[in-house]
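So the structure is just underneath, and the comments pick up after that.
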There are 2 protein chains.
Amino acid sequence: MRENRSDAKQKKRSKILNLIRERKGCSRSEIATALDIDKKSVSLVVDDLLAQELVLPVGFRDSQAGRRQELLAVNGSHTNYIGIDLGATHITGVRTDLNCLVLDRVFFEVRPGLAVDLILEQMKSIIKTLMSSDSGTGKLKSIGVCLPGFVNPVDGISLVAENIPGWHEIRIRKILGEEIHKSVYIEDCSRAMGLAERWLGKGGEVDDFLVLDLGYGIGMALFLNGDLYTGSGYKSGEIGHTVVDKDGPVCTCGKKGCLEVYASGRGIAQIASDGVKSNQSGILEELIHGDIKSLTAQDVALAASMNDEHSLQIIGAAGEYIGTALSNVVNILNPKKIIIGGGLTGAGKPLFDSIAKALQAHTMKEIIADLKLEQSDLGVDVSARGSALVAMEHVFS
Amino acid sequence: MRENRSDAKQKKRSKILNLIRERKGCSRSEIATALDIDKKSVSLVVDDLLAQELVLPVGFRDSQAGRRQELLAVNGSHTNYIGIDLGATHITGVRTDLNCLVLDRVFFEVRPGLAVDLILEQMKSIIKTLMSSDSGTGKLKSIGVCLPGFVNPVDGISLVAENIPGWHEIRIRKILGEEIHKSVYIEDCSRAMGLAERWLGKGGEVDDFLVLDLGYGIGMALFLNGDLYTGSGYKSGEIGHTVVDKDGPVCTCGKKGCLEVYASGRGIAQIASDGVKSNQSGILEELIHGDIKSLTAQDVALAASMNDEHSLQIIGAAGEYIGTALSNVVNILNPKKIIIGGGLTGAGKPLFDSIAKALQAHTMKEIIADLKLEQSDLGVDVSARGSALVAMEHVFS
């Protein structure tokens, strides 16, 4: 029974701290009202959080009764965290404060096909660079790493990443922990992006929403009843491997006609390469100086923005496939909002319009009436910041 | 704060009562261990439940320490409930005890196209029949009704049912309540089926599972993290209206190429009718004595069981579409189990094998490795019993 009481106390502390984080400036009596906890209990917890310097007074507000109320917010400079986002084409690292504001940033472009050992070395080097900029303060507490494919966050293992050749059962926590001597937490990249949207972006005020991560691969984070839903084996969100044409070409996962074949960064680059080879786009060929191997989805997006017919058509078709796959998820889950993020959103309006049109066409009218479709505005560091959130999650739980 | 304490007390009571329901015979010390509550608190709650006759002693078991432990179970005869399942082709009504054992049953076949008023009259008449068999005991407490399409359970309104022509914004709670003077609860039919699987069937020991309801329409109940997930607007589970061929024929919902067009009872009957018209199945034509309008999916299943080539092909194709649509849901949600139920499961092995094969082909290998595919064994009353569970849910919460 004692355990139960200490659990309840911890839960109360976590609720109060998270409310302070969400509201970015709220008073003790606001907390008491919002959480239905008596004022004395709130003050006891808040005094403790102030003593730990986890929260800070940030000003005053006059209450309706005319009394000045002290406002509280999370003390960003309490501790620092590093977030690493490993993608198939990049490693992004950020050091953030406890409010997840970016203090330092490192970006490294990965050439698809780079050896696994070299990727790991590069990741360590980025972490050390970010650590050195914190030298002496002792504020750096832990490191979060997000990875594509399947992860086992409990054991800190990256199980497989189809889009990184040779990447298999990599014990990230052990490999990094041995060299860096900090706690290491891992998560799936799309879920890290989802956490960033939840805490910093457009997912703050809805309980049921999806975050679609359009990049070299395509992933998804699901927030259901307010919580990140990971599935029974931590493998939820594989919209990139839902089937859009069951007789289509083979995907990296071994199945046929997955969404990623037609609409991922990898898929778009492949389709565009085939087009350049058959002389369908002069603009695209010029942009890449004839070096077909270097062609990326970014090039296709750029050519589309220059009104290249072939590139516009590829982007439009990709959007149609994405919107159709998305409609299937929406018909099943009836979410309130979809937030679209990831590198491919650089393709802009032609992609977004095409997604929206297909989503409208294939979703039940009663269900789409409830739905908002939005673009992320968190920029390129979104998943790296999400990883920093993963690293600091235990502070708030 | 007093409110919080009474909430906590209610929660403890609910946890204990539900454990007794699940275990169907457990001792006070087992409850204390399973729920991590001290024995004295457990005994206080149990004494109260015994006094209310909600639970009963059902025997003894010797503990390891050699002491005889009294076993407790829910007292089925405490109260009675009525559950009604309105389908497009039937109304099934059951009266059950508090363990959801069926005491009486009424089945009424609805000819597709029957007028809304007549359906409602028939429903009232079935409820009255079931009530009369309980006359005098005063044990009948409340009524649960499940309906196809979209429902608003908060206001007790059946919003729309595409498969029942003219069915729109029917205020079920009000209509039935005024005549019957009992509390009326409503739910979606597939979710009622899901609740029955959760409490009585194969969904008891997993937290993440799907119940696929294959009938005249196709629906789905989602249990995620142990709870029924209803979506942001109570419209989750519309797998029947996910798109399997975006250029396919128009569905009752107005969209094109929905799963229901190819694989629902309605869809299968339509496809088979077209086949009989073009002389593709002599067996089927004989079975229905040439009356094409009377042809149902049950006839197709029967002809398939008699090795009618055309019918086998229709059932096989339906299974392939169902398995493909299901794989998309599985790739997104990574459930532990899928339970398949509903009238169409009468088509047996050809349908089930075809579903399993397509599911295998289109689901990521890492995800299907976690998954069990099973058939419901709760029989034709499953949704009606689920409705009775909806009616008695408040007793346990």
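Chain identifiers are assigned as A, B, and so on, following the order in which chains appear in the structure tokens; residues are numbered from 1 within each chain, and ligands are numbered from 1 in order of appearance.
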I need the chain A residues near chain B as a PDB file with N, CA and C atoms, in the first residue's frame; criterion: at most 7 Å, counting only C-alpha atoms.
```pdb
ATOM      1  N   MET A   1       0.841  -1.222   0.000  1.00  0.00           N
ATOM      2  CA  MET A   1       0.000   0.000   0.000  1.00  0.00           C
ATOM      3  C   MET A   1       0.868   1.260   0.000  1.00  0.00           C
ATOM      4  N   ILE A  37      -6.991  19.413  -8.055  1.00  0.00           N
ATOM      5  CA  ILE A  37      -6.187  19.047  -6.874  1.00  0.00           C
ATOM      6  C   ILE A  37      -6.268  20.240  -5.921  1.00  0.00           C
ATOM      7  N   ASP A  38      -6.328  19.975  -4.604  1.00  0.00           N
ATOM      8  CA  ASP A  38      -6.462  21.107  -3.684  1.00  0.00           C
ATOM      9  C   ASP A  38      -5.200  21.975  -3.683  1.00  0.00           C
ATOM     10  N   ASP A 208      -6.433  12.835 -30.635  1.00  0.00           N
ATOM     11  CA  ASP A 208      -6.376  11.794 -31.665  1.00  0.00           C
ATOM     12  C   ASP A 208      -5.855  12.401 -32.954  1.00  0.00           C
ATOM     13  N   GLY A 231       1.718  -0.016 -30.899  1.00  0.00           N
ATOM     14  CA  GLY A 231       1.397  -1.377 -31.331  1.00  0.00           C
ATOM     15  C   GLY A 231       1.857  -2.401 -30.315  1.00  0.00           C
ATOM     16  N   SER A 232       1.518  -3.658 -30.581  1.00  0.00           N
ATOM     17  CA  SER A 232       1.809  -4.705 -29.595  1.00  0.00           C
ATOM     18  C   SER A 232       3.307  -5.018 -29.545  1.00  0.00           C
ATOM     19  N   GLY A 233       4.035  -4.765 -30.634  1.00  0.00           N
ATOM     20  CA  GLY A 233       5.455  -5.108 -30.651  1.00  0.00           C
ATOM     21  C   GLY A 233       6.317  -3.940 -31.095  1.00  0.00           C
ATOM     22  N   LYS A 235       5.810  -1.871 -33.473  1.00  0.00           N
ATOM     23  CA  LYS A 235       5.995  -1.826 -34.931  1.00  0.00           C
ATOM     24  C   LYS A 235       4.843  -1.131 -35.649  1.00  0.00           C
ATOM     25  N   SER A 236       4.112  -0.281 -34.944  1.00  0.00           N
ATOM     26  CA  SER A 236       2.991   0.418 -35.578  1.00  0.00           C
ATOM     27  C   SER A 236       3.489   1.472 -36.561  1.00  0.00           C
ATOM     28  N   GLY A 237       2.578   1.988 -37.394  1.00  0.00           N
ATOM     29  CA  GLY A 237       2.857   3.168 -38.210  1.00  0.00           C
ATOM     30  C   GLY A 237       3.487   2.917 -39.566  1.00  0.00           C
ATOM     31  N   GLU A 238       3.478   1.656 -40.024  1.00  0.00           N
ATOM     32  CA  GLU A 238       4.174   1.363 -41.288  1.00  0.00           C
ATOM     33  C   GLU A 238       3.299   1.661 -42.506  1.00  0.00           C
ATOM     34  N   ILE A 239       2.832   2.901 -42.605  1.00  0.00           N
ATOM     35  CA  ILE A 239       2.000   3.270 -43.760  1.00  0.00           C
ATOM     36  C   ILE A 239       2.791   3.165 -45.060  1.00  0.00           C
ATOM     37  N   HIS A 241       4.548   0.891 -45.974  1.00  0.00           N
ATOM     38  CA  HIS A 241       4.488  -0.482 -46.485  1.00  0.00           C
ATOM     39  C   HIS A 241       3.062  -1.012 -46.548  1.00  0.00           C
ATOM     40  N   THR A 242       2.070  -0.108 -46.554  1.00  0.00           N
ATOM     41  CA  THR A 242       0.729  -0.542 -46.923  1.00  0.00           C
ATOM     42  C   THR A 242       0.704  -0.616 -48.450  1.00  0.00           C
ATOM     43  N   VAL A 243      -0.171  -1.469 -48.944  1.00  0.00           N
ATOM     44  CA  VAL A 243      -0.171  -1.775 -50.377  1.00  0.00           C
ATOM     45  C   VAL A 243      -1.078  -0.802 -51.124  1.00  0.00           C
ATOM     46  N   LYS A 255       7.895  -6.983 -50.260  1.00  0.00           N
ATOM     47  CA  LYS A 255       6.510  -7.090 -50.731  1.00  0.00           C
ATOM     48  C   LYS A 255       6.338  -6.301 -52.030  1.00  0.00           C
ATOM     49  N   ASN A 328      -7.234   5.305 -46.084  1.00  0.00           N
ATOM     50  CA  ASN A 328      -7.501   4.009 -45.458  1.00  0.00           C
ATOM     51  C   ASN A 328      -7.260   4.074 -43.953  1.00  0.00           C
ATOM     52  N   ASN A 331     -10.166   6.222 -42.411  1.00  0.00           N
ATOM     53  CA  ASN A 331     -11.425   5.470 -42.313  1.00  0.00           C
ATOM     54  C   ASN A 331     -11.404   4.489 -41.134  1.00  0.00           C
ATOM     55  N   ILE A 332     -10.229   4.006 -40.774  1.00  0.00           N
ATOM     56  CA  ILE A 332     -10.116   3.076 -39.653  1.00  0.00           C
ATOM     57  C   ILE A 332     -10.060   3.812 -38.313  1.00  0.00           C
ATOM     58  N   LEU A 333      -9.307   4.930 -38.262  1.00  0.00           N
ATOM     59  CA  LEU A 333      -9.010   5.534 -36.954  1.00  0.00           C
ATOM     60  C   LEU A 333      -9.797   6.806 -36.635  1.00  0.00           C
ATOM     61  N   ASN A 334     -10.416   7.428 -37.640  1.00  0.00           N
ATOM     62  CA  ASN A 334     -11.224   8.628 -37.383  1.00  0.00           C
ATOM     63  C   ASN A 334     -10.493   9.667 -36.522  1.00  0.00           C
ATOM     64  N   PRO A 335      -9.287  10.088 -36.980  1.00  0.00           N
ATOM     65  CA  PRO A 335      -8.530  11.071 -36.191  1.00  0.00           C
ATOM     66  C   PRO A 335      -9.081  12.488 -36.377  1.00  0.00           C
ATOM     67  N   LYS A 336      -8.670  13.381 -35.508  1.00  0.00           N
ATOM     68  CA  LYS A 336      -9.110  14.777 -35.558  1.00  0.00           C
ATOM     69  C   LYS A 336      -8.204  15.589 -36.483  1.00  0.00           C
ATOM     70  N   HIS A 362     -11.384   9.544 -51.105  1.00  0.00           N
ATOM     71  CA  HIS A 362     -11.456   8.163 -50.626  1.00  0.00           C
ATOM     72  C   HIS A 362     -11.832   8.010 -49.152  1.00  0.00           C
ATOM     73  N   ILE A 367     -16.550  11.064 -41.942  1.00  0.00           N
ATOM     74  CA  ILE A 367     -15.272  11.001 -41.227  1.00  0.00           C
ATOM     75  C   ILE A 367     -14.383  12.177 -41.596  1.00  0.00           C
TER      76      ILE A 367
END
```
Just the residues within 10 Å of Leu120 of chain B, please, counting only C-alpha atoms, with nothing from its chain fewer than 3 positions along; format it as a PDB file with N, CA and C atoms, in the first residue's frame.
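Written out: selection-v9.pdb:
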```pdb
ATOM      1  N   LEU B  86     -29.462  -5.054 -34.353  1.00  0.00           N
ATOM      2  CA  LEU B  86     -30.159  -4.749 -35.601  1.00  0.00           C
ATOM      3  C   LEU B  86     -29.179  -4.815 -36.750  1.00  0.00           C
ATOM      4  N   ALA B 115     -39.431  -1.068 -44.509  1.00  0.00           N
ATOM      5  CA  ALA B 115     -39.566   0.332 -44.111  1.00  0.00           C
ATOM      6  C   ALA B 115     -39.052   0.563 -42.685  1.00  0.00           C
ATOM      7  N   VAL B 116     -38.478   1.733 -42.481  1.00  0.00           N
ATOM      8  CA  VAL B 116     -37.880   2.086 -41.193  1.00  0.00           C
ATOM      9  C   VAL B 116     -38.880   1.926 -40.037  1.00  0.00           C
ATOM     10  N   ASP B 117     -40.111   2.411 -40.237  1.00  0.00           N
ATOM     11  CA  ASP B 117     -41.140   2.314 -39.189  1.00  0.00           C
ATOM     12  C   ASP B 117     -41.409   0.869 -38.789  1.00  0.00           C
ATOM     13  N   MET B 123     -38.637  -4.150 -33.666  1.00  0.00           N
ATOM     14  CA  MET B 123     -37.657  -4.095 -32.577  1.00  0.00           C
ATOM     15  C   MET B 123     -38.373  -3.972 -31.224  1.00  0.00           C
ATOM     16  N   LYS B 124     -39.358  -3.093 -31.161  1.00  0.00           N
ATOM     17  CA  LYS B 124     -40.128  -2.921 -29.913  1.00  0.00           C
ATOM     18  C   LYS B 124     -40.810  -4.221 -29.531  1.00  0.00           C
ATOM     19  N   SER B 125     -41.378  -4.877 -30.524  1.00  0.00           N
ATOM     20  CA  SER B 125     -42.116  -6.107 -30.259  1.00  0.00           C
ATOM     21  C   SER B 125     -41.180  -7.195 -29.707  1.00  0.00           C
ATOM     22  N   ILE B 126     -39.974  -7.275 -30.262  1.00  0.00           N
ATOM     23  CA  ILE B 126     -38.991  -8.255 -29.777  1.00  0.00           C
ATOM     24  C   ILE B 126     -38.611  -7.941 -28.331  1.00  0.00           C
ATOM     25  N   ILE B 170     -32.083   8.343 -36.324  1.00  0.00           N
ATOM     26  CA  ILE B 170     -33.157   7.702 -35.562  1.00  0.00           C
ATOM     27  C   ILE B 170     -32.820   7.787 -34.063  1.00  0.00           C
ATOM     28  N   ILE B 172     -33.051   6.372 -31.180  1.00  0.00           N
ATOM     29  CA  ILE B 172     -33.362   5.063 -30.605  1.00  0.00           C
ATOM     30  C   ILE B 172     -33.663   5.148 -29.102  1.00  0.00           C
ATOM     31  N   ILE B 175     -37.068   6.818 -28.610  1.00  0.00           N
ATOM     32  CA  ILE B 175     -38.174   6.027 -29.172  1.00  0.00           C
ATOM     33  C   ILE B 175     -38.462   4.795 -28.303  1.00  0.00           C
ATOM     34  N   LEU B 176     -37.394   4.072 -27.936  1.00  0.00           N
ATOM     35  CA  LEU B 176     -37.599   2.856 -27.143  1.00  0.00           C
ATOM     36  C   LEU B 176     -37.885   3.200 -25.682  1.00  0.00           C
TER      37      LEU B 176
END
```
**Asked** What does the distance from atom CA of Leu101 of chain A to atom CA of Phe60 of chain A come to in Å, to one decimal?
**Response** 23.5 Å
DSSP on the backbone: what in segment 117-303 of chain B comes out strand (DSSP E), as an mmCIF file with N, CA and C atoms, in the first residue's frame?
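Printed below is out29.cif as written:
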```cif
data_model
loop_
_atom_site.group_PDB
_atom_site.id
_atom_site.type_symbol
_atom_site.label_atom_id
_atom_site.label_comp_id
_atom_site.auth_asym_id
_atom_site.auth_seq_id
_atom_site.Cartn_x
_atom_site.Cartn_y
_atom_site.Cartn_z
ATOM 1 N N LEU B 140 -34.985 -7.226 -14.605
ATOM 2 C CA LEU B 140 -34.533 -6.617 -15.858
ATOM 3 C C LEU B 140 -34.140 -5.157 -15.608
ATOM 4 N N LYS B 141 -32.896 -4.822 -15.874
ATOM 5 C CA LYS B 141 -32.407 -3.487 -15.534
ATOM 6 C C LYS B 141 -32.327 -2.546 -16.715
ATOM 7 N N SER B 142 -31.760 -2.994 -17.822
ATOM 8 C CA SER B 142 -31.592 -2.059 -18.938
ATOM 9 C C SER B 142 -31.430 -2.805 -20.253
ATOM 10 N N ILE B 143 -31.435 -2.018 -21.322
ATOM 11 C CA ILE B 143 -31.450 -2.579 -22.672
ATOM 12 C C ILE B 143 -30.318 -1.974 -23.484
ATOM 13 N N GLY B 144 -29.592 -2.818 -24.196
ATOM 14 C CA GLY B 144 -28.551 -2.342 -25.108
ATOM 15 C C GLY B 144 -28.966 -2.666 -26.536
ATOM 16 N N VAL B 145 -28.734 -1.718 -27.434
ATOM 17 C CA VAL B 145 -29.075 -1.937 -28.843
ATOM 18 C C VAL B 145 -27.847 -1.621 -29.680
ATOM 19 N N CYS B 146 -27.475 -2.518 -30.575
ATOM 20 C CA CYS B 146 -26.389 -2.174 -31.496
ATOM 21 C C CYS B 146 -26.945 -2.047 -32.898
ATOM 22 N N LEU B 147 -26.335 -1.121 -33.639
ATOM 23 C CA LEU B 147 -26.842 -0.759 -34.959
ATOM 24 C C LEU B 147 -25.691 -0.653 -35.944
ATOM 25 N N PHE B 150 -23.181 4.632 -38.424
ATOM 26 C CA PHE B 150 -22.639 5.501 -37.389
ATOM 27 C C PHE B 150 -23.649 5.739 -36.273
ATOM 28 N N VAL B 151 -23.182 5.678 -35.022
ATOM 29 C CA VAL B 151 -24.059 5.952 -33.886
ATOM 30 C C VAL B 151 -23.470 7.074 -33.031
ATOM 31 N N ASN B 152 -24.328 7.735 -32.305
ATOM 32 C CA ASN B 152 -23.906 8.687 -31.280
ATOM 33 C C ASN B 152 -24.401 8.129 -29.947
ATOM 34 N N ILE B 157 -28.439 8.205 -30.411
ATOM 35 C CA ILE B 157 -28.983 8.386 -31.765
ATOM 36 C C ILE B 157 -28.246 7.493 -32.766
ATOM 37 N N SER B 158 -28.989 6.821 -33.612
ATOM 38 C CA SER B 158 -28.421 6.102 -34.743
ATOM 39 C C SER B 158 -28.376 7.090 -35.904
ATOM 40 N N LEU B 159 -27.166 7.494 -36.303
ATOM 41 C CA LEU B 159 -27.029 8.614 -37.234
ATOM 42 C C LEU B 159 -27.373 8.236 -38.667
ATOM 43 N N VAL B 160 -26.772 7.150 -39.127
ATOM 44 C CA VAL B 160 -27.017 6.725 -40.503
ATOM 45 C C VAL B 160 -26.585 5.273 -40.644
ATOM 46 N N HIS B 168 -32.002 7.195 -40.952
ATOM 47 C CA HIS B 168 -31.264 8.453 -40.808
ATOM 48 C C HIS B 168 -31.686 9.140 -39.511
ATOM 49 N N GLU B 169 -30.712 9.453 -38.665
ATOM 50 C CA GLU B 169 -30.968 10.188 -37.415
ATOM 51 C C GLU B 169 -32.142 9.612 -36.615
ATOM 52 N N ILE B 170 -32.083 8.343 -36.324
ATOM 53 C CA ILE B 170 -33.157 7.702 -35.562
ATOM 54 C C ILE B 170 -32.820 7.787 -34.063
ATOM 55 N N SER B 183 -33.692 2.072 -19.052
ATOM 56 C CA SER B 183 -32.558 2.762 -19.665
ATOM 57 C C SER B 183 -32.157 2.040 -20.943
ATOM 58 N N VAL B 184 -31.878 2.811 -21.991
ATOM 59 C CA VAL B 184 -31.454 2.237 -23.270
ATOM 60 C C VAL B 184 -30.066 2.774 -23.625
ATOM 61 N N TYR B 185 -29.149 1.856 -23.931
ATOM 62 C CA TYR B 185 -27.797 2.228 -24.351
ATOM 63 C C TYR B 185 -27.604 1.772 -25.788
ATOM 64 N N ILE B 186 -26.888 2.571 -26.597
ATOM 65 C CA ILE B 186 -26.662 2.110 -27.974
ATOM 66 C C ILE B 186 -25.169 2.055 -28.306
ATOM 67 N N GLU B 187 -24.858 1.257 -29.302
ATOM 68 C CA GLU B 187 -23.468 1.061 -29.726
ATOM 69 C C GLU B 187 -23.475 0.608 -31.187
ATOM 70 N N ASP B 188 -22.333 0.739 -31.811
ATOM 71 C CA ASP B 188 -22.129 0.223 -33.158
ATOM 72 C C ASP B 188 -22.071 -1.308 -33.110
ATOM 73 N N PHE B 209 -5.928 -5.912 -30.155
ATOM 74 C CA PHE B 209 -6.508 -6.843 -31.127
ATOM 75 C C PHE B 209 -7.644 -6.193 -31.900
ATOM 76 N N LEU B 210 -7.941 -6.800 -33.040
ATOM 77 C CA LEU B 210 -8.987 -6.300 -33.921
ATOM 78 C C LEU B 210 -10.058 -7.368 -34.067
ATOM 79 N N VAL B 211 -11.311 -6.949 -34.134
ATOM 80 C CA VAL B 211 -12.390 -7.885 -34.417
ATOM 81 C C VAL B 211 -13.015 -7.473 -35.745
ATOM 82 N N LEU B 212 -12.899 -8.342 -36.735
ATOM 83 C CA LEU B 212 -13.426 -8.057 -38.068
ATOM 84 C C LEU B 212 -14.819 -8.647 -38.173
ATOM 85 N N ASP B 213 -15.783 -7.806 -38.496
ATOM 86 C CA ASP B 213 -17.185 -8.200 -38.537
ATOM 87 C C ASP B 213 -17.636 -8.304 -39.993
ATOM 88 N N LEU B 214 -17.632 -9.532 -40.499
ATOM 89 C CA LEU B 214 -17.992 -9.772 -41.901
ATOM 90 C C LEU B 214 -19.464 -10.151 -41.995
ATOM 91 N N ILE B 218 -19.289 -4.590 -43.716
ATOM 92 C CA ILE B 218 -18.050 -5.027 -43.060
ATOM 93 C C ILE B 218 -17.593 -3.947 -42.091
ATOM 94 N N GLY B 219 -17.461 -4.304 -40.823
ATOM 95 C CA GLY B 219 -17.019 -3.347 -39.809
ATOM 96 C C GLY B 219 -15.890 -3.917 -38.990
ATOM 97 N N MET B 220 -15.419 -3.120 -38.036
ATOM 98 C CA MET B 220 -14.290 -3.563 -37.236
ATOM 99 C C MET B 220 -14.306 -2.888 -35.866
ATOM 100 N N ALA B 221 -13.975 -3.678 -34.834
ATOM 101 C CA ALA B 221 -13.754 -3.102 -33.501
ATOM 102 C C ALA B 221 -12.257 -3.127 -33.232
ATOM 103 N N LEU B 222 -11.750 -2.045 -32.654
ATOM 104 C CA LEU B 222 -10.319 -1.943 -32.366
ATOM 105 C C LEU B 222 -10.107 -1.899 -30.864
ATOM 106 N N PHE B 223 -9.359 -2.836 -30.330
ATOM 107 C CA PHE B 223 -8.939 -2.758 -28.932
ATOM 108 C C PHE B 223 -7.462 -2.418 -28.912
ATOM 109 N N LEU B 224 -7.143 -1.239 -28.363
ATOM 110 C CA LEU B 224 -5.766 -0.756 -28.350
ATOM 111 C C LEU B 224 -5.387 -0.450 -26.903
ATOM 112 N N ASP B 227 -8.205 -1.087 -24.377
ATOM 113 C CA ASP B 227 -9.505 -0.411 -24.423
ATOM 114 C C ASP B 227 -10.074 -0.355 -25.836
ATOM 115 N N LEU B 228 -11.390 -0.325 -25.900
ATOM 116 C CA LEU B 228 -12.073 -0.138 -27.173
ATOM 117 C C LEU B 228 -11.756 1.267 -27.675
ATOM 118 N N TYR B 229 -11.217 1.352 -28.878
ATOM 119 C CA TYR B 229 -10.882 2.662 -29.446
ATOM 120 C C TYR B 229 -11.965 3.075 -30.430
#
```
**Request:** Extract, using only C-alpha atoms, all DNA, RNA and protein residues at most 8 Å from Asp299 of chain A, discarding same-chain residues fewer than 6 positions from it, and format them as a VMD selection string.
**Result:** chain A and resid 284 287 to 288
Which residues are near Glu205 of chain A? Cut-off 10 Å, only C-alpha atoms, ignore same chain within fewer than 6 positions. Put them as a PDB file with C-alpha atoms, in the first residue's frame.
```pdb
ATOM      1  CA  GLU A  22       2.282  22.898 -21.555  1.00  0.00           C
ATOM      2  CA  ARG A 198       2.885  16.901 -29.648  1.00  0.00           C
ATOM      3  CA  TRP A 199       5.079  19.080 -27.433  1.00  0.00           C
ATOM      4  CA  GLY A 226      -3.715  11.443 -26.073  1.00  0.00           C
TER       5      GLY A 226
END
```
**Request:** Could you give me the residues within segment 163-306 of chain B that DSSP places in helix (DSSP H, G or I), as a ChimeraX atom specification?
**Result:** /B:172-180,189-200,239-241,259-263,265-277,282-287,292-294,297-305
